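Everything below belongs to final.cif, which stores mmCIF, N, CA and C atoms.
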```
data_coords
#
loop_
_atom_site.label_atom_id
_atom_site.label_comp_id
_atom_site.auth_asym_id
_atom_site.auth_seq_id
_atom_site.Cartn_x
_atom_site.Cartn_y
_atom_site.Cartn_z
N MET N 195 -22.09 223.09 -63.37
CA MET N 195 -22.28 221.91 -62.55
C MET N 195 -21.02 221.59 -61.75
N LYS N 196 -19.86 221.70 -62.43
CA LYS N 196 -18.60 221.41 -61.76
C LYS N 196 -18.37 222.38 -60.61
N LYS N 197 -18.76 223.64 -60.79
CA LYS N 197 -18.61 224.65 -59.74
C LYS N 197 -19.47 224.28 -58.53
N HIS N 198 -20.67 223.76 -58.78
CA HIS N 198 -21.57 223.34 -57.71
C HIS N 198 -20.97 222.18 -56.92
N ILE N 199 -20.40 221.20 -57.59
CA ILE N 199 -19.78 220.04 -56.93
C ILE N 199 -18.59 220.50 -56.08
N ASN N 200 -17.76 221.39 -56.62
CA ASN N 200 -16.62 221.92 -55.87
C ASN N 200 -17.08 222.65 -54.60
N SER N 201 -18.18 223.39 -54.70
CA SER N 201 -18.72 224.09 -53.53
C SER N 201 -19.21 223.11 -52.47
N VAL N 202 -19.87 222.05 -52.90
CA VAL N 202 -20.36 221.04 -51.97
C VAL N 202 -19.18 220.35 -51.28
N VAL N 203 -18.16 220.01 -52.04
CA VAL N 203 -16.97 219.37 -51.48
C VAL N 203 -16.30 220.30 -50.48
N ALA N 204 -16.14 221.56 -50.84
CA ALA N 204 -15.50 222.53 -49.94
C ALA N 204 -16.33 222.72 -48.67
N LEU N 205 -17.63 222.81 -48.81
CA LEU N 205 -18.51 222.97 -47.65
C LEU N 205 -18.44 221.73 -46.74
N THR N 206 -18.39 220.56 -47.32
CA THR N 206 -18.27 219.32 -46.55
C THR N 206 -16.96 219.29 -45.78
N ILE N 207 -15.87 219.67 -46.42
CA ILE N 207 -14.56 219.69 -45.75
C ILE N 207 -14.57 220.68 -44.59
N ILE N 208 -15.15 221.86 -44.80
CA ILE N 208 -15.23 222.86 -43.74
C ILE N 208 -16.07 222.35 -42.58
N LEU N 209 -17.20 221.70 -42.88
CA LEU N 209 -18.08 221.18 -41.83
C LEU N 209 -17.36 220.13 -41.00
N PHE N 210 -16.70 219.16 -41.65
CA PHE N 210 -16.00 218.12 -40.91
C PHE N 210 -14.81 218.67 -40.13
N SER N 211 -14.13 219.64 -40.68
CA SER N 211 -13.01 220.27 -39.96
C SER N 211 -13.50 220.99 -38.71
N THR N 212 -14.63 221.68 -38.82
CA THR N 212 -15.21 222.38 -37.68
C THR N 212 -15.65 221.40 -36.61
N LEU N 213 -16.33 220.31 -37.01
CA LEU N 213 -16.76 219.30 -36.05
C LEU N 213 -15.56 218.65 -35.37
N ASN N 214 -14.50 218.39 -36.13
CA ASN N 214 -13.29 217.80 -35.56
C ASN N 214 -12.66 218.75 -34.55
N PHE N 215 -12.63 220.04 -34.85
CA PHE N 215 -12.07 221.03 -33.93
C PHE N 215 -12.89 221.10 -32.65
N ILE N 216 -14.22 221.11 -32.77
CA ILE N 216 -15.09 221.16 -31.60
C ILE N 216 -14.89 219.91 -30.75
N SER N 217 -14.84 218.75 -31.39
CA SER N 217 -14.63 217.50 -30.67
C SER N 217 -13.29 217.49 -29.97
N GLN N 218 -12.23 217.94 -30.65
CA GLN N 218 -10.90 217.98 -30.05
C GLN N 218 -10.85 218.94 -28.88
N THR N 219 -11.53 220.09 -28.99
CA THR N 219 -11.57 221.05 -27.90
C THR N 219 -12.26 220.43 -26.68
N HIS N 220 -13.35 219.70 -26.91
CA HIS N 220 -14.04 219.02 -25.81
C HIS N 220 -13.12 217.99 -25.16
N CYS N 221 -12.41 217.21 -25.97
CA CYS N 221 -11.48 216.21 -25.44
C CYS N 221 -10.39 216.88 -24.62
N ASP N 222 -9.88 217.99 -25.11
CA ASP N 222 -8.83 218.70 -24.38
C ASP N 222 -9.33 219.23 -23.04
N SER N 223 -10.58 219.65 -22.97
CA SER N 223 -11.12 220.15 -21.70
C SER N 223 -11.25 219.03 -20.67
N LEU N 224 -11.41 217.80 -21.13
CA LEU N 224 -11.50 216.67 -20.21
C LEU N 224 -10.19 216.45 -19.46
N GLN N 225 -9.08 216.81 -20.07
CA GLN N 225 -7.78 216.59 -19.43
C GLN N 225 -7.70 217.39 -18.12
N GLY N 226 -8.22 218.59 -18.10
CA GLY N 226 -8.23 219.38 -16.88
C GLY N 226 -9.10 218.76 -15.80
N ILE N 227 -10.24 218.22 -16.21
CA ILE N 227 -11.15 217.56 -15.26
C ILE N 227 -10.46 216.36 -14.63
N VAL N 228 -9.84 215.53 -15.46
CA VAL N 228 -9.19 214.31 -14.96
C VAL N 228 -7.96 214.67 -14.12
N SER N 229 -7.21 215.68 -14.54
CA SER N 229 -6.06 216.12 -13.74
C SER N 229 -6.49 216.54 -12.34
N ASN N 230 -7.62 217.23 -12.25
CA ASN N 230 -8.15 217.62 -10.93
C ASN N 230 -8.54 216.40 -10.11
N LEU N 231 -9.06 215.37 -10.76
CA LEU N 231 -9.43 214.15 -10.04
C LEU N 231 -8.21 213.45 -9.46
N LEU N 232 -7.06 213.61 -10.11
CA LEU N 232 -5.84 212.98 -9.61
C LEU N 232 -5.38 213.61 -8.29
N SER N 233 -5.81 214.83 -8.03
CA SER N 233 -5.39 215.49 -6.79
C SER N 233 -6.54 215.65 -5.79
N GLU N 234 -7.71 215.15 -6.13
CA GLU N 234 -8.87 215.29 -5.25
C GLU N 234 -8.71 214.44 -3.99
N ASN N 235 -9.08 215.01 -2.86
CA ASN N 235 -9.05 214.32 -1.56
C ASN N 235 -7.68 213.77 -1.19
N VAL N 236 -6.63 214.49 -1.52
CA VAL N 236 -5.29 214.08 -1.11
C VAL N 236 -4.66 215.20 -0.28
N ASN N 237 -3.65 214.85 0.49
CA ASN N 237 -2.92 215.85 1.27
C ASN N 237 -1.45 215.74 0.94
N GLU N 238 -0.63 216.51 1.63
CA GLU N 238 0.81 216.52 1.31
C GLU N 238 1.46 215.16 1.54
N ASN N 239 0.83 214.28 2.30
CA ASN N 239 1.39 212.95 2.54
C ASN N 239 0.93 211.92 1.52
N SER N 240 0.01 212.29 0.64
CA SER N 240 -0.47 211.34 -0.36
C SER N 240 -0.68 212.03 -1.70
N VAL N 241 0.40 212.35 -2.34
CA VAL N 241 0.36 213.01 -3.65
C VAL N 241 0.44 211.95 -4.75
N TYR N 242 -0.40 212.09 -5.75
CA TYR N 242 -0.37 211.17 -6.89
C TYR N 242 0.35 211.82 -8.06
N ILE N 243 1.26 211.07 -8.66
CA ILE N 243 2.05 211.54 -9.79
C ILE N 243 1.52 210.89 -11.06
N HIS N 244 1.12 211.70 -12.01
CA HIS N 244 0.60 211.20 -13.29
C HIS N 244 1.72 210.49 -14.05
N ASP N 245 1.41 209.36 -14.67
CA ASP N 245 2.44 208.57 -15.37
C ASP N 245 2.83 209.15 -16.72
N GLY N 246 2.22 210.25 -17.14
CA GLY N 246 2.61 210.91 -18.39
C GLY N 246 1.78 210.52 -19.60
N GLN N 247 0.95 209.49 -19.48
CA GLN N 247 0.12 209.05 -20.59
C GLN N 247 -1.30 209.59 -20.43
N VAL N 248 -1.87 210.04 -21.53
CA VAL N 248 -3.25 210.49 -21.56
C VAL N 248 -3.97 209.60 -22.57
N TYR N 249 -4.95 208.87 -22.10
CA TYR N 249 -5.66 207.91 -22.94
C TYR N 249 -6.99 208.51 -23.35
N LYS N 250 -7.03 209.04 -24.59
CA LYS N 250 -8.25 209.65 -25.14
C LYS N 250 -8.89 208.68 -26.12
N SER N 251 -10.21 208.67 -26.11
CA SER N 251 -10.96 207.85 -27.06
C SER N 251 -12.24 208.58 -27.43
N LEU N 252 -12.66 208.40 -28.65
CA LEU N 252 -13.97 208.88 -29.09
C LEU N 252 -14.84 207.63 -29.22
N LEU N 253 -15.74 207.44 -28.27
CA LEU N 253 -16.53 206.21 -28.20
C LEU N 253 -17.98 206.46 -28.59
N ASN N 254 -18.53 205.50 -29.28
CA ASN N 254 -19.95 205.46 -29.56
C ASN N 254 -20.56 204.32 -28.76
N GLU N 255 -21.85 204.09 -28.95
CA GLU N 255 -22.54 203.03 -28.21
C GLU N 255 -21.76 201.73 -28.29
N GLU N 256 -21.59 201.11 -27.13
CA GLU N 256 -21.01 199.79 -26.99
C GLU N 256 -19.56 199.65 -27.43
N GLU N 257 -18.87 200.76 -27.77
CA GLU N 257 -17.44 200.68 -28.06
C GLU N 257 -16.66 200.69 -26.76
N VAL N 258 -15.50 200.05 -26.78
CA VAL N 258 -14.66 199.92 -25.59
C VAL N 258 -13.26 200.37 -25.94
N SER N 259 -12.66 201.15 -25.05
CA SER N 259 -11.26 201.53 -25.17
C SER N 259 -10.46 200.60 -24.28
N GLU N 260 -9.31 200.16 -24.76
CA GLU N 260 -8.52 199.18 -24.04
C GLU N 260 -7.08 199.66 -23.89
N VAL N 261 -6.55 199.58 -22.67
CA VAL N 261 -5.16 199.95 -22.38
C VAL N 261 -4.51 198.77 -21.68
N LYS N 262 -3.39 198.33 -22.20
CA LYS N 262 -2.62 197.27 -21.54
C LYS N 262 -1.48 197.94 -20.78
N THR N 263 -1.30 197.53 -19.52
CA THR N 263 -0.28 198.14 -18.68
C THR N 263 0.22 197.14 -17.65
N THR N 264 1.33 197.49 -17.05
CA THR N 264 1.86 196.70 -15.94
C THR N 264 1.73 197.54 -14.68
N LEU N 265 1.16 196.95 -13.65
CA LEU N 265 1.05 197.59 -12.35
C LEU N 265 2.04 196.90 -11.42
N PHE N 266 2.81 197.69 -10.68
CA PHE N 266 3.95 197.16 -9.94
C PHE N 266 3.66 196.95 -8.46
N GLU N 267 4.21 195.88 -7.94
CA GLU N 267 4.07 195.46 -6.55
C GLU N 267 4.41 196.60 -5.59
N GLY N 268 3.57 196.74 -4.57
CA GLY N 268 3.82 197.71 -3.52
C GLY N 268 3.43 199.14 -3.86
N THR N 269 2.92 199.37 -5.05
CA THR N 269 2.57 200.72 -5.51
C THR N 269 1.08 200.97 -5.33
N THR N 270 0.74 202.16 -4.87
CA THR N 270 -0.66 202.58 -4.80
C THR N 270 -0.95 203.44 -6.03
N TYR N 271 -2.00 203.07 -6.74
CA TYR N 271 -2.37 203.75 -7.99
C TYR N 271 -3.71 204.46 -7.82
N ARG N 272 -3.91 205.43 -8.69
CA ARG N 272 -5.22 206.06 -8.86
C ARG N 272 -5.51 206.09 -10.35
N ILE N 273 -6.65 205.54 -10.71
CA ILE N 273 -7.15 205.65 -12.09
C ILE N 273 -8.27 206.68 -12.05
N ALA N 274 -8.22 207.64 -12.98
CA ALA N 274 -9.25 208.68 -13.06
C ALA N 274 -9.76 208.75 -14.49
N THR N 275 -11.08 208.94 -14.64
CA THR N 275 -11.71 208.98 -15.96
C THR N 275 -12.75 210.09 -16.02
N SER N 276 -13.05 210.51 -17.24
CA SER N 276 -14.14 211.47 -17.44
C SER N 276 -14.62 211.41 -18.89
N ALA N 277 -15.90 211.70 -19.04
CA ALA N 277 -16.49 211.84 -20.37
C ALA N 277 -17.36 213.08 -20.41
N GLY N 278 -17.13 214.00 -19.50
CA GLY N 278 -17.90 215.23 -19.48
C GLY N 278 -18.02 215.80 -18.08
N ILE N 279 -18.87 216.78 -17.94
CA ILE N 279 -19.03 217.51 -16.68
C ILE N 279 -19.47 216.57 -15.56
N ASP N 280 -20.44 215.71 -15.85
CA ASP N 280 -20.85 214.73 -14.83
C ASP N 280 -19.79 213.66 -14.75
N ASP N 281 -19.32 213.38 -13.56
CA ASP N 281 -18.20 212.47 -13.38
C ASP N 281 -18.54 211.01 -13.57
N ASN N 282 -19.79 210.64 -13.55
CA ASN N 282 -20.11 209.22 -13.56
C ASN N 282 -20.63 208.70 -14.90
N PHE N 283 -20.17 209.27 -16.00
CA PHE N 283 -20.55 208.78 -17.32
C PHE N 283 -19.80 207.50 -17.71
N MET N 284 -18.62 207.29 -17.09
CA MET N 284 -17.74 206.22 -17.56
C MET N 284 -17.65 205.06 -16.60
N ILE N 285 -17.48 203.89 -17.19
CA ILE N 285 -17.21 202.68 -16.44
C ILE N 285 -15.80 202.23 -16.82
N PHE N 286 -15.01 201.89 -15.81
CA PHE N 286 -13.72 201.27 -16.12
C PHE N 286 -13.59 199.96 -15.37
N GLU N 287 -12.92 199.03 -16.03
CA GLU N 287 -12.76 197.68 -15.51
C GLU N 287 -11.30 197.28 -15.67
N ILE N 288 -10.78 196.61 -14.65
CA ILE N 288 -9.40 196.12 -14.70
C ILE N 288 -9.45 194.59 -14.74
N TYR N 289 -8.76 194.01 -15.74
CA TYR N 289 -8.71 192.56 -15.93
C TYR N 289 -7.27 192.08 -15.85
N ASP N 290 -7.09 190.86 -15.32
CA ASP N 290 -5.76 190.26 -15.36
C ASP N 290 -5.56 189.59 -16.73
N GLN N 291 -4.44 188.91 -16.91
CA GLN N 291 -4.11 188.32 -18.21
C GLN N 291 -5.08 187.21 -18.63
N GLU N 292 -5.75 186.60 -17.67
CA GLU N 292 -6.73 185.55 -17.99
C GLU N 292 -8.15 186.09 -18.11
N ARG N 293 -8.27 187.40 -18.17
CA ARG N 293 -9.55 188.11 -18.28
C ARG N 293 -10.43 187.96 -17.04
N ASN N 294 -9.81 187.73 -15.89
CA ASN N 294 -10.56 187.76 -14.64
C ASN N 294 -10.75 189.21 -14.25
N LEU N 295 -11.97 189.58 -13.93
CA LEU N 295 -12.27 190.95 -13.52
C LEU N 295 -11.70 191.19 -12.13
N LEU N 296 -10.79 192.15 -12.02
CA LEU N 296 -10.19 192.49 -10.74
C LEU N 296 -10.93 193.64 -10.05
N PHE N 297 -11.45 194.57 -10.85
CA PHE N 297 -12.15 195.73 -10.29
C PHE N 297 -13.02 196.36 -11.36
N THR N 298 -14.16 196.88 -10.95
CA THR N 298 -14.99 197.74 -11.79
C THR N 298 -15.59 198.84 -10.94
N ASN N 299 -15.57 200.05 -11.46
CA ASN N 299 -16.17 201.16 -10.73
C ASN N 299 -17.69 201.16 -10.83
N SER N 300 -18.26 200.30 -11.68
CA SER N 300 -19.72 200.25 -11.81
C SER N 300 -20.39 199.80 -10.51
N LYS N 301 -19.65 199.11 -9.65
CA LYS N 301 -20.19 198.69 -8.35
C LYS N 301 -20.16 199.84 -7.34
N TYR N 302 -19.57 200.97 -7.74
CA TYR N 302 -19.42 202.12 -6.86
C TYR N 302 -19.97 203.38 -7.53
N ASN N 303 -21.14 203.26 -8.14
CA ASN N 303 -21.82 204.39 -8.78
C ASN N 303 -20.94 205.06 -9.83
N ASN N 304 -20.16 204.26 -10.56
CA ASN N 304 -19.26 204.77 -11.60
C ASN N 304 -18.32 205.86 -11.08
N SER N 305 -17.80 205.67 -9.89
CA SER N 305 -16.88 206.64 -9.31
C SER N 305 -15.85 207.07 -10.35
N PRO N 306 -15.58 208.37 -10.48
CA PRO N 306 -14.67 208.84 -11.53
C PRO N 306 -13.20 208.52 -11.26
N TYR N 307 -12.88 208.12 -10.02
CA TYR N 307 -11.51 207.69 -9.75
C TYR N 307 -11.53 206.63 -8.66
N TRP N 308 -10.45 205.86 -8.62
CA TRP N 308 -10.34 204.82 -7.61
C TRP N 308 -8.88 204.63 -7.24
N ASP N 309 -8.62 204.47 -5.95
CA ASP N 309 -7.28 204.22 -5.44
C ASP N 309 -7.16 202.75 -5.05
N PHE N 310 -6.03 202.15 -5.36
CA PHE N 310 -5.83 200.75 -5.00
C PHE N 310 -4.33 200.45 -4.93
N LYS N 311 -3.98 199.51 -4.05
CA LYS N 311 -2.59 199.12 -3.89
C LYS N 311 -2.38 197.75 -4.50
N ILE N 312 -1.27 197.59 -5.20
CA ILE N 312 -0.95 196.34 -5.87
C ILE N 312 -0.03 195.51 -4.98
N GLU N 313 -0.45 194.28 -4.70
CA GLU N 313 0.33 193.38 -3.85
C GLU N 313 1.40 192.65 -4.64
N ASN N 314 1.12 192.31 -5.90
CA ASN N 314 2.06 191.61 -6.77
C ASN N 314 2.06 192.27 -8.13
N THR N 315 3.23 192.40 -8.74
CA THR N 315 3.31 192.98 -10.08
C THR N 315 2.41 192.18 -11.02
N ILE N 316 1.63 192.91 -11.84
CA ILE N 316 0.66 192.25 -12.71
C ILE N 316 0.54 192.98 -14.03
N ASP N 317 0.52 192.22 -15.11
CA ASP N 317 0.15 192.76 -16.42
C ASP N 317 -1.37 192.72 -16.48
N CYS N 318 -1.97 193.83 -16.87
CA CYS N 318 -3.43 193.87 -16.88
C CYS N 318 -3.94 194.69 -18.06
N THR N 319 -5.23 194.62 -18.24
CA THR N 319 -5.92 195.41 -19.25
C THR N 319 -6.96 196.26 -18.55
N ILE N 320 -6.96 197.55 -18.86
CA ILE N 320 -7.97 198.46 -18.33
C ILE N 320 -8.88 198.82 -19.50
N GLU N 321 -10.16 198.51 -19.33
CA GLU N 321 -11.15 198.84 -20.36
C GLU N 321 -12.02 199.97 -19.85
N THR N 322 -12.30 200.91 -20.73
CA THR N 322 -13.23 201.99 -20.41
C THR N 322 -14.34 202.00 -21.44
N HIS N 323 -15.54 202.31 -20.98
CA HIS N 323 -16.67 202.49 -21.88
C HIS N 323 -17.70 203.38 -21.21
N LEU N 324 -18.60 203.86 -21.99
CA LEU N 324 -19.62 204.76 -21.48
C LEU N 324 -20.75 203.98 -20.82
N ASP N 325 -21.32 204.54 -19.77
CA ASP N 325 -22.53 203.98 -19.18
C ASP N 325 -23.67 204.41 -20.10
N LEU N 326 -24.20 203.47 -20.86
CA LEU N 326 -25.20 203.79 -21.89
C LEU N 326 -26.51 204.29 -21.31
N ASN N 327 -26.71 204.15 -20.02
CA ASN N 327 -27.89 204.73 -19.38
C ASN N 327 -27.72 206.23 -19.15
N LYS N 328 -26.48 206.73 -19.33
CA LYS N 328 -26.19 208.13 -19.04
C LYS N 328 -25.66 208.90 -20.23
N LYS N 329 -24.96 208.22 -21.14
CA LYS N 329 -24.37 208.90 -22.30
C LYS N 329 -24.13 207.87 -23.40
N LEU N 330 -24.49 208.23 -24.64
CA LEU N 330 -24.39 207.27 -25.74
C LEU N 330 -23.14 207.42 -26.60
N GLY N 331 -22.46 208.53 -26.48
CA GLY N 331 -21.26 208.71 -27.28
C GLY N 331 -20.52 209.96 -26.89
N GLY N 332 -19.25 210.00 -27.28
CA GLY N 332 -18.46 211.20 -27.02
C GLY N 332 -17.03 210.88 -26.68
N CYS N 333 -16.30 211.92 -26.39
CA CYS N 333 -14.89 211.80 -26.05
C CYS N 333 -14.76 211.32 -24.61
N THR N 334 -13.80 210.43 -24.39
CA THR N 334 -13.50 209.94 -23.05
C THR N 334 -12.02 210.11 -22.79
N LEU N 335 -11.66 210.19 -21.52
CA LEU N 335 -10.26 210.36 -21.18
C LEU N 335 -9.97 209.61 -19.88
N MET N 336 -8.82 208.93 -19.84
CA MET N 336 -8.38 208.23 -18.64
C MET N 336 -6.92 208.56 -18.38
N MET N 337 -6.58 208.68 -17.09
CA MET N 337 -5.19 208.86 -16.67
C MET N 337 -4.91 207.89 -15.52
N ILE N 338 -3.66 207.47 -15.44
CA ILE N 338 -3.21 206.61 -14.35
C ILE N 338 -2.12 207.37 -13.60
N ALA N 339 -2.19 207.33 -12.27
CA ALA N 339 -1.18 207.99 -11.44
C ALA N 339 -0.76 207.02 -10.35
N PHE N 340 0.41 207.27 -9.79
CA PHE N 340 0.89 206.45 -8.69
C PHE N 340 1.21 207.36 -7.51
N LYS N 341 1.08 206.79 -6.33
CA LYS N 341 1.30 207.56 -5.11
C LYS N 341 2.79 207.78 -4.92
N LYS N 342 3.14 209.02 -4.69
CA LYS N 342 4.54 209.39 -4.48
C LYS N 342 5.04 208.78 -3.17
N ALA N 343 6.22 208.18 -3.24
CA ALA N 343 6.82 207.61 -2.03
C ALA N 343 7.19 208.74 -1.08
N LYS N 344 7.01 208.51 0.20
CA LYS N 344 7.32 209.54 1.22
C LYS N 344 8.79 209.70 1.39
#
```

Represent the structure contained in this file as structure tokens.
Amino acid sequence: MKKHINSVVALTIILFSTLNFISQTHCDSLQGIVSNLLSENVNENSVYIHDGQVYKSLLNEEEVSEVKTTLFEGTTYRIATSAGIDDNFMIFEIYDQERNLLFTNSKYNNSPYWDFKIENTIDCTIETHLDLNKKLGGCTLMMIAFKKAK
């Protein structure tokens, strides 16, 4: 009986390790997709530089990932997101400190990236979540980049 329990435990550990590896591999593949979005539709006069942070989340129904950041006056930013091959699985929203909605990509067919210029330095919260009409769960990834000064 003890041998049977040990086999079940070992099999369970192997199963969860395999699922974790598959999930991590999927999350890692999203980084390439989002990196490409950071350079999409730009030319040598408008290059976006990634800020070095990669925001990964494993989200289920109705879960939200939250990133607090400061956006600086006079800077043009690009936020890019992905949750898979189809670019419009994710919704991202930018809120100020009083939770006023400043921007949401849901008004733009869940565009996978958006460019915007900041007029005044602001502390904000960026929330990402899945569009439940398109995907119920999975790995998500967001990157923030800023436009390189000429």

(request) Find the residue from N:Ile285, N:Ile312, N:Ile273, N:Leu326 that sits nearest to Leu231 of chain N; use all atoms listed in the file when measuring. (result) N:Ile273

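Excluding segment 238-255 of chain N itself and same-chain residues fewer than 4 positions from it, the residues having an atom within 6.5 Å of it are Leu232, Ser233, Leu330, Gly331, Gly332, Cys333, Thr334, Leu335, Met336, Met337, Ile338, Ala339, Phe340, Lys341 and Lys342 of chain N, counting all atoms listed in the file.
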
(request) Could you give me, as number ranges by chain, the residues within 8 Å of Tyr289 of chain N, counting all atoms listed in the file and dropping anything in the same chain fewer than 2 positions from it? (result) N: 286-287, 291-298, 317-321

(message) Show me, as an MDAnalysis selection string, the residues that have an atom within 6 Å of His323 of chain N when counting all atoms listed in the file, minus same-chain residues fewer than 5 positions from it.
(response) chainID N and resid 257:259 283:286

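Straight-line separation from atom C of Glu313 of chain N to atom CA of Thr263 of chain N: 15.2 Å.
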
Can you translate the PyMOL selection byres ((chain N and resi 309) around 5) into the concrete residues it hits in this file, as a short mmCIF file (atom, residue, chain, number, x, y, z; two decimals) with N, CA and C atoms, in the frame of the given file?
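Contents of result_8.cif, as written:
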```cif
data_model
loop_
_atom_site.label_atom_id
_atom_site.label_comp_id
_atom_site.auth_asym_id
_atom_site.auth_seq_id
_atom_site.Cartn_x
_atom_site.Cartn_y
_atom_site.Cartn_z
N TYR N 271 -2.00 203.07 -6.74
CA TYR N 271 -2.37 203.75 -7.99
C TYR N 271 -3.71 204.46 -7.82
N ARG N 272 -3.91 205.43 -8.69
CA ARG N 272 -5.22 206.06 -8.86
C ARG N 272 -5.51 206.09 -10.35
N TYR N 307 -12.88 208.12 -10.02
CA TYR N 307 -11.51 207.69 -9.75
C TYR N 307 -11.53 206.63 -8.66
N TRP N 308 -10.45 205.86 -8.62
CA TRP N 308 -10.34 204.82 -7.61
C TRP N 308 -8.88 204.63 -7.24
N PHE N 310 -6.03 202.15 -5.36
CA PHE N 310 -5.83 200.75 -5.00
C PHE N 310 -4.33 200.45 -4.93
N LYS N 311 -3.98 199.51 -4.05
CA LYS N 311 -2.59 199.12 -3.89
C LYS N 311 -2.38 197.75 -4.50
#
```

(request) Calculate how many Å separate atom CA of Thr315 of chain N from atom CA of Ile288 of chain N, rounding to one decimal. (result) 13.9 Å

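Straight-line separation from atom CA of Thr270 of chain N to atom CA of Asn304 of chain N: 19.9 Å.
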